[in-house]
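J.: If it helps, the file is called structure29.csv and holds CSV, C-alpha atoms:
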```
chain,number,residue,atom,x,y,z
O,229,MET,CA,78.5,98.4,192.6
O,230,LYS,CA,78.3,98.0,196.4
O,231,ILE,CA,81.5,98.0,198.4
O,232,GLU,CA,81.4,96.6,201.9
O,233,ILE,CA,83.7,98.5,204.3
O,234,GLU,CA,82.6,97.9,207.8
O,235,GLN,CA,85.2,100.1,209.3
O,236,ASP,CA,84.7,101.3,212.8
O,237,LEU,CA,86.1,104.8,213.2
O,238,PHE,CA,86.8,104.3,216.9
O,239,GLU,CA,88.6,101.0,216.2
O,240,ASN,CA,90.9,103.0,213.9
O,241,GLU,CA,91.6,105.5,216.7
O,242,ALA,CA,92.5,102.5,219.0
O,243,LYS,CA,95.1,101.4,216.5
O,244,LEU,CA,96.7,104.9,216.3
O,245,ALA,CA,96.7,105.1,220.1
O,246,ALA,CA,98.4,101.7,220.3
O,247,ALA,CA,101.2,103.1,218.0
O,248,ASN,CA,101.6,106.1,220.3
O,249,ALA,CA,101.8,103.7,223.3
O,250,GLU,CA,104.6,101.7,221.5
O,251,LEU,CA,106.5,104.9,220.6
O,252,MET,CA,106.3,106.2,224.2
O,253,LYS,CA,107.4,102.9,225.6
O,254,LYS,CA,110.5,103.0,223.3
O,255,ARG,CA,111.2,106.5,224.4
O,256,GLY,CA,110.9,105.6,228.1
O,257,LEU,CA,107.9,107.8,228.7
O,258,MET,CA,104.9,106.9,230.9
O,259,ALA,CA,101.8,108.9,229.9
O,260,LEU,CA,98.7,109.9,231.8
O,261,ASN,CA,95.6,111.2,230.1
O,262,LEU,CA,94.1,113.8,232.3
O,263,MET,CA,90.4,114.4,231.6
O,264,GLY,CA,87.9,116.6,233.2
O,265,THR,CA,85.6,119.5,232.8
O,266,PRO,CA,87.0,123.0,232.1
O,267,GLY,CA,88.0,124.4,235.4
O,268,ALA,CA,88.1,121.2,237.4
O,269,GLY,CA,91.7,121.9,238.3
O,270,LYS,CA,93.6,119.7,235.8
O,271,THR,CA,96.6,122.1,235.5
O,272,SER,CA,96.6,122.8,239.2
O,273,ILE,CA,96.9,119.1,239.9
O,274,ILE,CA,99.9,118.8,237.5
O,275,LYS,CA,101.6,121.7,239.3
O,276,SER,CA,100.8,120.3,242.8
O,277,THR,CA,102.0,116.8,241.7
O,278,ALA,CA,105.3,118.3,240.3
O,279,ARG,CA,106.0,119.9,243.7
O,280,LEU,CA,105.6,116.6,245.6
O,281,LEU,CA,106.6,113.8,243.1
O,282,LYS,CA,110.4,113.6,242.6
O,283,VAL,CA,110.2,112.3,239.1
O,284,PRO,CA,111.0,114.3,235.9
O,285,MET,CA,107.7,115.5,234.4
O,286,ALA,CA,106.6,117.0,231.1
O,287,VAL,CA,103.1,118.1,229.8
O,288,ILE,CA,101.3,118.0,226.5
O,289,GLU,CA,98.6,120.5,226.9
O,290,GLY,CA,95.4,120.5,224.9
O,291,ASP,CA,93.1,123.5,224.6
O,292,PRO,CA,90.9,124.8,221.9
O,293,ALA,CA,92.8,128.1,222.0
O,294,SER,CA,95.5,130.0,223.9
O,295,SER,CA,98.7,129.1,225.6
O,296,ILE,CA,97.6,130.1,229.1
O,297,ASP,CA,98.2,126.7,230.6
O,298,THR,CA,101.6,126.0,229.0
O,299,ASP,CA,102.8,129.5,230.1
O,300,LEU,CA,101.6,128.6,233.7
O,301,LEU,CA,103.4,125.3,233.6
O,302,LYS,CA,106.6,126.6,232.1
O,303,SER,CA,106.8,129.4,234.7
O,304,ALA,CA,106.6,126.6,237.3
O,305,GLY,CA,109.6,125.0,235.6
O,306,ILE,CA,107.7,122.2,234.0
O,307,PRO,CA,108.4,121.5,230.2
O,308,ALA,CA,105.2,121.9,228.3
O,309,TYR,CA,104.0,121.7,224.7
O,310,GLN,CA,100.8,123.3,223.6
O,311,ILE,CA,98.3,121.8,221.2
O,312,ASN,CA,95.6,124.1,220.1
O,313,THR,CA,92.7,122.0,218.7
O,314,GLU,CA,91.0,125.1,217.1
O,315,GLY,CA,87.6,124.2,218.4
O,316,VAL,CA,87.9,120.4,218.4
O,317,CYS,CA,86.5,119.1,221.7
O,318,HIS,CA,89.1,116.5,222.4
O,319,LEU,CA,92.7,115.5,221.8
O,320,ASP,CA,93.1,112.5,219.5
O,321,ALA,CA,96.0,110.0,218.9
O,322,THR,CA,97.1,111.8,215.7
O,323,MET,CA,97.5,115.2,217.5
O,324,VAL,CA,99.5,113.5,220.3
O,325,ALA,CA,101.7,111.7,217.7
O,326,ASP,CA,102.4,115.1,216.1
O,327,ALA,CA,103.2,116.6,219.5
O,328,LEU,CA,105.6,113.7,220.4
O,329,ASN,CA,107.4,114.4,217.1
O,330,HIS,CA,108.1,118.0,218.0
O,331,PHE,CA,108.4,117.9,221.8
O,332,GLU,CA,111.8,116.7,223.0
O,333,ILE,CA,111.3,114.8,226.3
O,334,ALA,CA,114.1,113.1,228.2
O,335,PRO,CA,113.7,109.3,228.8
O,336,ARG,CA,112.2,108.3,232.1
O,337,THR,CA,109.8,111.2,232.2
O,338,LEU,CA,106.3,111.1,233.5
O,339,LEU,CA,104.2,112.7,230.7
O,340,PHE,CA,100.9,114.3,231.6
O,341,ILE,CA,98.6,114.8,228.6
O,342,GLU,CA,96.1,117.3,229.7
O,343,ASN,CA,93.1,116.9,227.6
O,344,VAL,CA,90.6,119.5,226.4
O,345,GLY,CA,88.1,120.3,229.2
O,346,ASN,CA,85.2,117.9,228.3
O,347,LEU,CA,83.7,114.8,229.9
O,348,ILE,CA,82.1,113.4,226.8
O,349,CYS,CA,84.3,113.5,223.8
O,350,THR,CA,87.6,112.8,225.5
O,351,ALA,CA,86.2,109.5,226.7
O,352,SER,CA,86.0,108.2,223.1
O,353,TYR,CA,89.5,108.9,222.0
O,354,PRO,CA,92.4,106.9,223.5
O,355,LEU,CA,95.8,108.6,223.1
O,356,GLY,CA,98.2,105.8,224.0
O,357,GLU,CA,98.2,106.6,227.7
O,358,MET,CA,99.1,104.1,230.5
O,359,ILE,CA,96.7,105.7,233.0
O,360,ARG,CA,93.4,107.4,232.4
O,361,VAL,CA,92.7,110.0,235.1
O,362,VAL,CA,89.3,111.7,235.5
O,363,VAL,CA,89.2,114.9,237.5
O,364,VAL,CA,86.0,116.3,239.0
O,365,GLY,CA,85.8,119.5,241.0
O,366,ALA,CA,83.4,119.3,244.0
O,367,SER,CA,81.8,122.6,242.7
O,368,GLU,CA,80.6,120.7,239.6
O,369,GLY,CA,78.3,118.5,241.6
O,370,ASP,CA,78.0,114.9,242.9
O,371,ASP,CA,76.0,113.7,239.9
O,372,LYS,CA,78.8,113.5,237.4
O,373,PRO,CA,79.1,109.7,237.4
O,374,PHE,CA,75.3,109.4,236.7
O,375,LYS,CA,75.4,111.9,233.9
O,376,TYR,CA,78.7,111.0,232.2
O,377,PRO,CA,79.0,107.2,232.9
O,378,ASP,CA,81.3,106.5,229.9
O,379,ILE,CA,84.3,108.5,231.1
O,380,PHE,CA,84.1,107.0,234.7
O,381,GLN,CA,83.9,103.4,233.6
O,382,THR,CA,86.9,103.8,231.3
O,383,ALA,CA,89.0,105.6,234.0
O,384,HIS,CA,91.8,104.0,236.0
O,385,VAL,CA,91.6,106.6,238.7
O,386,VAL,CA,89.4,109.5,239.8
O,387,ILE,CA,90.5,112.7,241.5
O,388,LEU,CA,87.9,114.7,243.4
O,389,ASN,CA,89.4,118.1,243.6
O,390,LYS,CA,88.3,121.2,245.5
O,391,THR,CA,87.2,119.2,248.5
O,392,ASP,CA,87.5,122.4,250.6
O,393,LEU,CA,84.3,123.6,248.8
O,394,GLN,CA,82.2,120.5,249.6
O,395,SER,CA,80.0,122.0,252.3
O,396,ALA,CA,79.7,125.3,250.5
O,397,VAL,CA,78.2,123.6,247.4
O,398,ASN,CA,76.3,120.8,249.1
O,399,PHE,CA,78.4,118.1,247.5
O,400,ASN,CA,77.0,114.8,248.6
O,401,LEU,CA,80.1,112.5,248.8
O,402,LYS,CA,77.9,109.4,249.4
O,403,ARG,CA,76.0,109.9,246.2
O,404,PHE,CA,79.2,110.5,244.2
O,405,TYR,CA,80.6,107.2,245.5
O,406,GLU,CA,77.3,105.4,244.8
O,407,GLY,CA,77.5,106.4,241.2
O,408,ILE,CA,81.1,105.4,240.8
O,409,ASN,CA,80.7,102.1,242.6
O,410,SER,CA,77.9,100.9,240.4
O,411,LEU,CA,79.9,101.7,237.3
O,412,LYS,CA,83.3,100.5,238.4
O,413,PRO,CA,83.7,99.0,241.9
O,414,LYS,CA,87.1,99.4,243.4
O,415,LEU,CA,88.0,102.4,241.1
O,416,PRO,CA,90.6,104.3,243.1
O,417,VAL,CA,89.3,107.8,244.1
O,418,PHE,CA,91.5,110.5,245.6
O,419,GLU,CA,89.9,113.3,247.5
O,420,ILE,CA,92.2,116.3,247.3
O,421,SER,CA,92.3,120.1,247.4
O,422,CYS,CA,95.0,121.8,245.4
O,423,LYS,CA,94.2,124.9,247.3
O,424,THR,CA,94.8,123.6,250.9
O,425,GLY,CA,97.0,120.6,249.9
O,426,ALA,CA,94.7,118.2,251.6
O,427,GLY,CA,94.9,114.6,250.3
O,428,LEU,CA,97.6,115.4,247.8
O,429,GLU,CA,100.1,113.1,249.5
O,430,ASN,CA,97.8,110.1,249.0
O,431,TRP,CA,97.5,110.8,245.3
O,432,VAL,CA,101.2,111.3,244.8
O,433,ASN,CA,102.1,108.2,246.7
O,434,TRP,CA,99.7,106.1,244.6
O,435,LEU,CA,101.2,107.7,241.4
O,436,ALA,CA,104.7,107.0,242.6
O,437,VAL,CA,103.9,103.3,243.0
O,438,GLN,CA,102.5,103.2,239.4
O,439,VAL,CA,105.6,104.9,238.0
O,440,ALA,CA,107.9,102.6,239.9
O,441,VAL,CA,106.0,99.5,238.7
O,442,TYR,CA,106.1,100.8,235.1
O,443,TRP,CA,109.8,101.5,235.0
O,444,ALA,CA,110.7,98.3,236.8
O,445,GLU,CA,109.3,96.3,233.8
C,280,MET,CA,79.7,116.4,219.6
C,281,HIS,CA,82.8,115.9,217.5
C,282,GLU,CA,81.1,115.3,214.2
C,283,LEU,CA,83.5,117.4,212.1
C,284,ALA,CA,86.6,115.4,213.1
C,285,LEU,CA,84.6,112.1,212.6
C,286,THR,CA,83.1,113.1,209.3
C,287,GLU,CA,86.6,114.1,208.0
C,288,LYS,CA,87.9,110.6,208.9
C,289,MET,CA,84.8,109.0,207.5
C,290,PHE,CA,85.1,110.9,204.3
C,291,LYS,CA,88.8,109.9,203.8
C,292,ILE,CA,87.8,106.2,204.2
C,293,ILE,CA,85.0,106.6,201.6
C,294,LEU,CA,87.1,108.4,199.0
C,295,ASP,CA,90.1,106.0,199.5
C,296,GLU,CA,87.7,103.0,198.9
C,297,ALA,CA,86.0,104.6,196.0
C,298,LYS,CA,89.3,105.4,194.3
C,299,ALA,CA,90.7,101.9,195.0
C,300,HIS,CA,87.7,100.6,193.0
C,301,GLN,CA,88.2,103.1,190.2
C,302,ALA,CA,84.8,104.7,191.0
C,303,LYS,CA,83.6,107.6,189.0
C,304,GLN,CA,80.9,108.5,191.4
C,305,VAL,CA,79.8,107.6,194.9
C,306,MET,CA,76.0,107.1,194.9
C,307,LYS,CA,75.3,106.1,198.5
C,308,VAL,CA,77.0,105.8,201.8
C,309,THR,CA,75.6,103.6,204.6
C,310,ILE,CA,76.7,104.5,208.1
C,311,ALA,CA,75.9,102.7,211.3
C,312,VAL,CA,75.7,104.9,214.5
C,313,GLY,CA,75.4,103.6,218.0
C,314,GLU,CA,72.6,105.3,220.0
C,315,LEU,CA,75.1,106.2,222.7
C,316,SER,CA,77.9,107.3,220.5
C,317,GLY,CA,76.7,110.9,220.8
C,318,ILE,CA,76.9,111.4,217.1
C,319,VAL,CA,74.2,113.6,215.6
C,320,GLU,CA,73.2,112.5,212.2
C,321,ARG,CA,72.2,115.9,210.8
C,322,SER,CA,75.7,117.3,211.8
C,323,VAL,CA,77.4,114.4,210.0
C,324,GLU,CA,75.2,115.1,207.0
C,325,ALA,CA,76.0,118.9,207.1
C,326,TYR,CA,79.7,118.3,207.3
C,327,PHE,CA,79.6,115.6,204.7
C,328,ARG,CA,78.0,118.1,202.2
C,329,LEU,CA,80.8,120.6,202.9
C,330,LEU,CA,83.5,118.0,202.4
C,331,ALA,CA,81.9,116.4,199.4
C,332,LYS,CA,81.5,119.5,197.4
C,333,ASP,CA,83.4,119.2,194.0
C,334,THR,CA,84.4,115.6,194.7
C,335,ILE,CA,83.1,112.3,193.3
C,336,ALA,CA,81.0,112.0,196.4
C,337,GLU,CA,79.0,115.2,195.9
C,338,GLN,CA,75.9,113.4,194.8
C,339,ALA,CA,76.0,110.6,197.4
C,340,THR,CA,73.0,110.1,199.7
C,341,LEU,CA,73.7,109.1,203.3
C,342,GLU,CA,71.8,106.4,205.0
C,343,PHE,CA,72.1,106.0,208.8
C,344,ASN,CA,71.4,102.7,210.6
C,345,ARG,CA,71.0,103.1,214.3
C,346,ILE,CA,72.5,100.6,216.7
C,347,LYS,CA,70.5,100.2,220.0
C,348,ALA,CA,72.7,100.4,223.1
C,349,ARG,CA,73.3,97.4,225.3
C,350,LEU,CA,73.9,97.9,229.0
C,351,PHE,CA,75.3,95.6,231.6
C,352,CYS,CA,74.3,95.6,235.3
C,353,ILE,CA,77.2,94.5,237.6
C,354,GLN,CA,74.9,93.7,240.5
C,355,CYS,CA,72.6,91.4,238.5
C,356,GLN,CA,75.3,90.3,236.0
C,357,LYS,CA,72.8,90.8,233.3
C,358,GLU,CA,72.9,92.6,229.9
C,359,PHE,CA,69.9,94.4,228.6
C,360,THR,CA,68.9,96.7,225.7
C,361,LYS,CA,68.5,100.3,226.7
C,362,ASP,CA,65.0,101.4,225.9
C,363,SER,CA,64.4,104.2,228.3
C,364,ARG,CA,66.3,107.4,228.7
C,365,ASP,CA,68.1,106.4,231.8
C,366,PHE,CA,70.9,104.0,232.5
C,367,THR,CA,69.3,102.1,235.4
C,368,CYS,CA,68.9,98.4,235.5
C,369,PRO,CA,65.2,97.4,235.1
C,370,ASP,CA,65.6,94.7,237.8
C,371,CYS,CA,67.5,96.3,240.6
C,372,GLY,CA,67.5,100.0,239.7
C,373,ASN,CA,71.3,100.5,240.0
C,374,LEU,CA,73.3,102.4,237.5
C,375,ALA,CA,74.3,100.0,234.7
C,376,ARG,CA,77.5,100.0,232.7
C,377,LEU,CA,77.8,100.8,229.0
C,378,THR,CA,79.0,98.0,226.7
C,379,ASP,CA,80.6,98.5,223.3
C,380,THR,CA,77.3,97.9,221.6
C,381,GLY,CA,75.7,101.3,221.0
C,382,GLN,CA,78.9,103.4,221.0
C,383,GLN,CA,80.1,102.5,217.5
C,384,CYS,CA,80.4,104.6,214.4
C,385,LEU,CA,80.9,102.5,211.3
C,386,VAL,CA,81.2,103.2,207.6
C,387,GLU,CA,79.3,100.0,206.6
C,388,SER,CA,79.3,100.2,202.8
C,389,ILE,CA,79.3,102.5,199.8
C,390,GLU,CA,77.6,102.2,196.4
C,391,VAL,CA,79.6,103.5,193.5
C,392,ASP,CA,79.3,104.0,189.8
C,393,ASN,CA,82.2,102.9,187.7
C,394,GLU,CA,80.8,104.1,184.4
```
Spit out the file's structure as structure tokens when you get a sec.

T.:
Amino acid sequence: MKIEIEQDLFENEAKLAAANAELMKKRGLMALNLMGTPGAGKTSIIKSTARLLKVPMAVIEGDPASSIDTDLLKSAGIPAYQINTEGVCHLDATMVADALNHFEIAPRTLLFIENVGNLICTASYPLGEMIRVVVVGASEGDDKPFKYPDIFQTAHVVILNKTDLQSAVNFNLKRFYEGINSLKPKLPVFEISCKTGAGLENWVNWLAVQVAVYWAE
Amino acid sequence: MHELALTEKMFKIILDEAKAHQAKQVMKVTIAVGELSGIVERSVEAYFRLLAKDTIAEQATLEFNRIKARLFCIQCQKEFTKDSRDFTCPDCGNLARLTDTGQQCLVESIEVDNE
């Protein structure tokens, strides 16, 4: 006997993510999915943002192993919850739902979900976030939009970090923007350096507007 | 890339369906994989064998149908099937966008034995 199923696995993930979105809305949380390669500066961006943005923040942290990032965040006074994926290359909606169950977060908190460092797999798994942020470090090269188109075209905002290294690593800013613009014209890009603090204010101001709009609804 | 996580989810769907139809054995599973989904068939096969051991799906054969990717060029406002290895539009040479076609991973059907 043949049984037709026709079930798309990613469609199912979208449903689970929608349930998370609903739950977070009820709890008054606004979530960002922070994606990027390992070492792009995702945790540094969270710490820098927390210093400048006067909004309660919390972090769900995804890593294959260790609690290095949660320890860093907690010592900076930011509540954080660690998910260890034990080798899995991305967070998924089920893992985030489980974290939300265990992690007590006050209403009206901006929740950063720091994904596993990866530009491929993370793009395929929605978590229920409001904003999808892609972080690129200048030291990784200007060709990222050409090599990983999926993650850029599903992003709401791109952060180019480590701009202080641009000339040292021959980062071609024009080429980077050419890639992004052909995939998603008008995608906001913030050029920052967590090390020098350059450009952070623009990013934080943009984020403050998104937060205000979300909580006004 | 993340075949283990995917195959586990796939396997659950397959077993749930088979049990819902009182199947004694799953003979065949047909899976459709988009060419840009990044899913490696031989990894799915390998994980499936591990998961299926000592279950009613142990003897099942896996068949993969590949779905060709469609790309969309914003500049030309044109969709095309991706044949080459790159993502550039054949007309204008700009980087084209991915569409949903080619990124799917579906469990299409299963064949079961109720005897």

J.: Show me a table, sorted first by chain and then by increasing residue number, of the residues of chain O having an atom at most 10 Å from chain C, each with its shortest atom pair and the distance in Å to one decimal, counting all atoms listed in the file and written as a Markdown table.

T.:
```
| residue | atom | partner | partner_atom | distance |
| --- | --- | --- | --- | --- |
| O:Met229 | CA | C:Val391 | CA | 5.3 |
| O:Lys230 | CA | C:Glu390 | CA | 4.3 |
| O:Ile231 | CA | C:Ile389 | CA | 5.2 |
| O:Glu232 | CA | C:Ser388 | CA | 4.3 |
| O:Ile233 | CA | C:Ser388 | CA | 4.9 |
| O:Glu234 | CA | C:Glu387 | CA | 4.1 |
| O:Gln235 | CA | C:Leu385 | CA | 5.3 |
| O:Asp236 | CA | C:Leu385 | CA | 4.3 |
| O:Leu237 | CA | C:Cys384 | CA | 5.8 |
| O:Phe238 | CA | C:Cys384 | CA | 6.9 |
| O:Glu239 | CA | C:Gln383 | CA | 8.7 |
| O:Asn240 | CA | C:Lys288 | CA | 9.6 |
| O:Gly315 | CA | C:His281 | CA | 9.6 |
| O:Val316 | CA | C:His281 | CA | 6.9 |
| O:Cys317 | CA | C:His281 | CA | 6.4 |
| O:His318 | CA | C:His281 | CA | 8.0 |
| O:Asp320 | CA | C:Ala284 | CA | 9.6 |
| O:Ile348 | CA | C:Met280 | CA | 8.2 |
| O:Cys349 | CA | C:Met280 | CA | 6.9 |
| O:Thr350 | CA | C:His281 | CA | 9.8 |
| O:Ser352 | CA | C:Ser316 | CA | 8.6 |
| O:Pro373 | CA | C:Leu374 | CA | 9.3 |
| O:Phe374 | CA | C:Leu374 | CA | 7.3 |
| O:Lys375 | CA | C:Phe366 | CA | 9.2 |
| O:Pro377 | CA | C:Arg376 | CA | 7.4 |
| O:Asp378 | CA | C:Leu377 | CA | 6.7 |
| O:Phe380 | CA | C:Arg376 | CA | 9.8 |
| O:Gln381 | CA | C:Arg376 | CA | 7.3 |
| O:Thr382 | CA | C:Leu377 | CA | 9.9 |
| O:Glu406 | CA | C:Leu374 | CA | 8.8 |
| O:Gly407 | CA | C:Leu374 | CA | 6.9 |
| O:Ile408 | CA | C:Leu374 | CA | 9.0 |
| O:Asn409 | CA | C:Leu374 | CA | 9.0 |
| O:Ser410 | CA | C:Leu374 | CA | 5.6 |
| O:Leu411 | CA | C:Arg376 | CA | 5.5 |
| O:Lys412 | CA | C:Arg376 | CA | 8.1 |
| O:Pro413 | CA | C:Ile353 | CA | 9.0 |
```

J.: Within 8 Å of O:Arg336, counting all atoms listed in the file, which residues show up once you throw out same-chain ones fewer than 3 positions away? Write them as a list in words, please.

T.: Arg255, Gly256, Leu257, Met258, Pro284 and Trp443 of chain O

J.: Enter the distance from atom CA of O:Ala325 to atom CA of O:Met263, in Å, rounded to one decimal.

T.: 18.1 Å

J.: I need the residue nearest O:Lys423 from this list: O:Ala304, O:Leu281, O:Ile273, O:Val363. Use all atoms listed in the file for the distance.

T.: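 Once distances to O:Lys423 are computed over all atoms listed in the file, the minimum belongs to O:Ile273.
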
J.: Using only C-alpha atoms, find the one residue out of C:Lys357, C:Lys303, C:Arg321, C:Lys291 that sits nearest to C:Leu341.

T.: C:Arg321

J.: Distance atom CA of O:Trp431-atom CA of O:Ile387, one decimal place?

T.: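 Separation between atom CA of O:Trp431 and atom CA of O:Ile387: 8.2 Å.
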
J.: Can you work out the spacing between atom CA of O:Asn433 and atom CA of O:Ile274 in Å, to one decimal?

T.: 14.2 Å

J.: Using only C-alpha atoms, which of the listed residues (C:Asp379, C:Leu350, C:Gln304, C:Cys368) sits closest to C:Asp333?

T.: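 Among C:Asp379, C:Leu350, C:Gln304, C:Cys368, it is C:Gln304 that comes nearest to C:Asp333.
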
J.: Could you pull the residues within 6 Å of O:Asn346, counting all atoms listed in the file, minus those fewer than 2 positions along the same chain, as a ChimeraX atom specification?

T.: /O:264-265,344,348

J.: Given the selection you just returned, output its residues as a file containing C-alpha atoms, formatted as an mmCIF file, keeping the file's coordinate frame.

T.:
```
data_model
loop_
_atom_site.group_PDB
_atom_site.id
_atom_site.type_symbol
_atom_site.label_atom_id
_atom_site.label_comp_id
_atom_site.auth_asym_id
_atom_site.auth_seq_id
_atom_site.Cartn_x
_atom_site.Cartn_y
_atom_site.Cartn_z
ATOM 1 C CA GLY O 264 87.900 116.600 233.200
ATOM 2 C CA THR O 265 85.600 119.500 232.800
ATOM 3 C CA VAL O 344 90.600 119.500 226.400
ATOM 4 C CA ILE O 348 82.100 113.400 226.800
#
```
